[in-house]
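Asks: Input my_file30.cif, format and content: mmCIF, C-alpha atoms.
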data_input
#
loop_
_atom_site.group_PDB
_atom_site.id
_atom_site.type_symbol
_atom_site.label_atom_id
_atom_site.label_comp_id
_atom_site.auth_asym_id
_atom_site.auth_seq_id
_atom_site.Cartn_x
_atom_site.Cartn_y
_atom_site.Cartn_z
ATOM 1 C CA MET A 1 9.087 -7.509 -0.343
ATOM 2 C CA ALA A 2 11.882 -5.310 -1.658
ATOM 3 C CA GLY A 3 9.610 -2.330 -1.066
ATOM 4 C CA ALA A 4 8.933 -3.402 2.501
ATOM 5 C CA ALA A 5 12.627 -4.003 3.103
ATOM 6 C CA ALA A 6 13.427 -0.525 1.742
ATOM 7 C CA VAL A 7 11.012 1.027 4.235
ATOM 8 C CA HIS A 8 12.722 -0.733 7.152
ATOM 9 C CA LEU A 9 16.275 -0.239 5.849
ATOM 10 C CA PRO A 10 17.072 2.796 8.061
ATOM 11 C CA ASN A 11 16.338 0.714 11.187
ATOM 12 C CA GLY A 12 19.122 -1.792 10.510
ATOM 13 C CA PHE A 13 18.982 -5.514 9.813
ATOM 14 C CA PHE A 14 17.314 -7.153 12.807
ATOM 15 C CA ALA A 15 13.509 -7.186 12.956
ATOM 16 C CA GLN A 16 13.578 -6.790 16.730
ATOM 17 C CA ALA A 17 14.683 -3.180 16.225
ATOM 18 C CA GLY A 18 12.263 -2.604 13.313
ATOM 19 C CA GLY A 19 14.766 -3.687 10.662
ATOM 20 C CA TYR A 20 14.373 -5.355 7.301
ATOM 21 C CA GLU A 21 15.253 -8.930 8.347
ATOM 22 C CA TYR A 22 11.707 -10.353 8.158
ATOM 23 C CA ALA A 23 10.811 -8.637 4.884
ATOM 24 C CA ALA A 24 14.071 -9.806 3.288
ATOM 25 C CA THR A 25 13.470 -13.375 4.477
ATOM 26 C CA LEU A 26 9.964 -13.435 3.018
ATOM 27 C CA GLY A 27 11.223 -11.953 -0.254
ATOM 28 C CA LEU A 28 14.012 -14.515 -0.576
ATOM 29 C CA ALA A 29 11.613 -17.369 0.212
ATOM 30 C CA ALA A 30 9.150 -16.124 -2.417
ATOM 31 C CA ALA A 31 11.941 -15.740 -4.982
ATOM 32 C CA GLY A 32 13.133 -19.270 -4.224
ATOM 33 C CA LEU A 33 9.663 -20.668 -4.766
ATOM 34 C CA ALA A 34 9.279 -18.680 -7.981
ATOM 35 C CA ILE A 35 12.567 -19.983 -9.355
ATOM 36 C CA THR A 36 12.113 -23.638 -8.400
ATOM 37 C CA GLY A 37 8.560 -23.772 -9.730
ATOM 38 C CA PRO A 38 5.564 -25.848 -8.686
ATOM 39 C CA GLY A 39 5.981 -29.106 -6.824
ATOM 40 C CA ARG A 40 3.897 -32.274 -6.398
ATOM 41 C CA LEU A 41 1.500 -30.638 -3.954
ATOM 42 C CA SER A 42 0.756 -27.564 -6.087
ATOM 43 C CA LEU A 43 -2.313 -26.405 -7.945
ATOM 44 C CA ASP A 44 -0.315 -26.540 -11.194
ATOM 45 C CA HIS A 45 0.403 -30.233 -10.657
ATOM 46 C CA ALA A 46 -3.267 -30.901 -9.850
ATOM 47 C CA LEU A 47 -4.297 -29.139 -13.094
ATOM 48 C CA SER A 48 -1.671 -31.049 -15.142
ATOM 49 C CA HIS A 49 0.455 -27.903 -15.613
ATOM 50 C CA VAL A 50 -2.087 -26.253 -17.916
ATOM 51 C CA PHE A 51 -0.902 -22.780 -16.880
ATOM 52 C CA ASP A 52 2.813 -23.652 -16.676
ATOM 53 C CA ARG A 53 4.415 -21.970 -19.686
ATOM 54 C CA GLY A 54 8.102 -21.201 -20.095
ATOM 55 C CA TRP A 55 7.589 -17.472 -20.666
ATOM 56 C CA MET A 56 5.447 -16.899 -17.563
ATOM 57 C CA VAL A 57 8.212 -16.933 -14.922
ATOM 58 C CA PRO A 58 10.499 -14.400 -16.663
ATOM 59 C CA ALA A 59 7.494 -12.215 -17.480
ATOM 60 C CA ALA A 60 6.239 -12.305 -13.889
ATOM 61 C CA LEU A 61 9.700 -11.547 -12.505
ATOM 62 C CA GLY A 62 10.117 -8.660 -14.967
ATOM 63 C CA VAL A 63 6.744 -7.131 -14.117
ATOM 64 C CA THR A 64 7.445 -7.538 -10.404
ATOM 65 C CA ALA A 65 10.880 -5.912 -10.758
ATOM 66 C CA ALA A 66 9.409 -2.956 -12.653
ATOM 67 C CA ALA A 67 6.613 -2.466 -10.112
ATOM 68 C CA THR A 68 9.083 -2.714 -7.232
ATOM 69 C CA ALA A 69 11.374 -0.140 -8.828
ATOM 70 C CA ALA A 70 8.429 2.216 -9.337
ATOM 71 C CA VAL A 71 7.232 1.874 -5.721
ATOM 72 C CA ILE A 72 10.699 2.326 -4.241
ATOM 73 C CA GLY A 73 11.391 5.282 -6.534
ATOM 74 C CA ALA A 74 8.141 6.988 -5.564
ATOM 75 C CA ARG A 75 8.841 6.401 -1.891
ATOM 76 C CA ASN A 76 12.352 7.816 -2.196
ATOM 77 C CA CYS A 77 10.937 10.935 -3.862
ATOM 78 C CA ARG A 78 8.421 11.396 -1.030
ATOM 79 C CA VAL A 79 11.110 10.877 1.623
ATOM 80 C CA ARG A 80 13.418 13.343 -0.120
ATOM 81 C CA ALA A 81 10.599 15.905 -0.389
ATOM 82 C CA LYS A 82 9.752 15.439 3.293
ATOM 83 C CA THR A 83 13.341 16.029 4.390
ATOM 84 C CA GLU A 84 13.413 19.168 2.247
ATOM 85 C CA GLY A 85 10.134 20.353 3.810
ATOM 86 C CA LYS A 86 7.952 19.871 0.744
ATOM 87 C CA GLN A 87 5.732 16.981 1.805
ATOM 88 C CA GLU A 88 2.768 16.476 -0.476
ATOM 89 C CA ALA A 89 -0.525 14.884 0.500
ATOM 90 C CA LEU A 90 -0.946 11.260 -0.557
ATOM 91 C CA PHE A 91 -4.713 11.633 -0.880
ATOM 92 C CA GLU A 92 -6.816 14.634 -1.778
ATOM 93 C CA GLU A 93 -9.413 15.738 0.734
ATOM 94 C CA PHE A 94 -12.793 16.693 -0.668
ATOM 95 C CA GLU A 95 -15.204 18.950 1.154
ATOM 96 C CA ASP A 96 -18.908 18.146 1.050
#
Now, as a test, write the supplied structure out as structure tokens.
Replies:
Amino acid sequence: MAGAAAVHLPNGFFAQAGGYEYAATLGLAAAGLAITGPGRLSLDHALSHVFDRGWMVPAALGVTAAATAAVIGARNCRVRAKTEGKQEALFEEFED
């Protein structure tokens, strides 16, 4: 959700004006659930925590942070290129 919040950052905070409020709220809720772990009504609890290993949460947060940094960095490069007048195509068009 950090990527979505970065897209809406220029519009201010409130979602009513197209801001990043909703994306930030969803991101914080997801981070809270990731940190607190599974509860009684979770699939992990139903499967007796077979997939609940101590290294999985830090690994998942690290991979997510790296992917988020890559997406935000790529978007910032595209925005910078667009403001400089050098917008590149996101997808190549093929002629038949």
Asks: Which residue is closest to Ala24 of chain A? Choose from A:Leu9, A:Met1, A:Leu47, A:Thr36 and count all atoms listed in the file.
Replies: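 So, comparing all the options, the nearest one is A:Met1.
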Asks: Could you please determine the separation between atom CA of Gly19 of chain A and atom CA of Val79 of chain A in Å, to one decimal place?
Replies: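 Atom-to-atom, atom CA of Gly19 of chain A to atom CA of Val79 of chain A, that is 17.5 Å.
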Asks: Distance atom CA of Ala66 of chain A-atom CA of Gly3 of chain A, one decimal place?
Replies: 11.6 Å
Asks: Carefully work through the PyMOL selection byres ((chain A and resi 31) around 12) for this structure and note down the residues it includes, as a PyMOL selection string.
Replies: chain A and resi 1-2+24-30+32-37+57-58+60-61+64-65
Asks: To one decimal place, how far is atom CA of Ile72 of chain A from atom CA of Ala17 of chain A in Å?
Replies: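 If I compute the distance from atom CA of Ile72 of chain A to atom CA of Ala17 of chain A, I get 21.6 Å.
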Asks: Counting only C-alpha atoms, which residue out of A:Thr68, A:Gly39, A:His45, A:Arg53 sits closest to Ala5 of chain A?
Replies: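 Smallest distance to Ala5 of chain A is found for A:Thr68.
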Asks: Could the centre and edge lengths of an axis-aligned box, enclosing all atoms of segment 71-76 of chain A in the file with 5 Å extra on each side, be given in Å to one decimal as lines of an AutoDock Vina configuration file?
Replies:
center_x = 9.8
center_y = 4.8
center_z = -4.2
size_x = 15.1
size_y = 15.9
size_z = 14.6
Asks: Would you please work out which residue, of A:Ala6, A:Trp55, A:Glu21, A:Phe13, is nearest to Ala74 of chain A when using all atoms listed in the file?
Replies: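 Checking each of A:Ala6, A:Trp55, A:Glu21, A:Phe13 against Ala74 of chain A, counting all atoms listed in the file, the winner is A:Ala6.
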Asks: Can you tell me, as a ChimeraX atom specification, what residues are no more than 12 Å from Ser42 of chain A when counting all atoms listed in the file, ignoring any on the same chain fewer than 6 positions away?
Replies: /A:33,48-49,51-52
Asks: Could you write out that same residue set with C-alpha atoms as a PDB file, in the coordinates of the input?
Replies:
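Once written, out36.pdb looks like this:
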ATOM      1  CA  LEU A  33       9.663 -20.668  -4.766  1.00  0.00           C
ATOM      2  CA  SER A  48      -1.671 -31.049 -15.142  1.00  0.00           C
ATOM      3  CA  HIS A  49       0.455 -27.903 -15.613  1.00  0.00           C
ATOM      4  CA  PHE A  51      -0.902 -22.780 -16.880  1.00  0.00           C
ATOM      5  CA  ASP A  52       2.813 -23.652 -16.676  1.00  0.00           C
TER       6      ASP A  52
END
Asks: Taking all atoms listed in the file into account, name the residue in A:Gly54, A:Ala59, A:Glu84, A:His8 that is nearest to Tyr22 of chain A.
Replies: A:His8
Asks: Which one of A:Leu43, A:Ala4, A:Asn76, A:Ala70 sits closest to Ala23 of chain A if you count only C-alpha atoms?
Replies: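 Nearest candidate to Ala23 of chain A out of A:Leu43, A:Ala4, A:Asn76, A:Ala70: A:Ala4.
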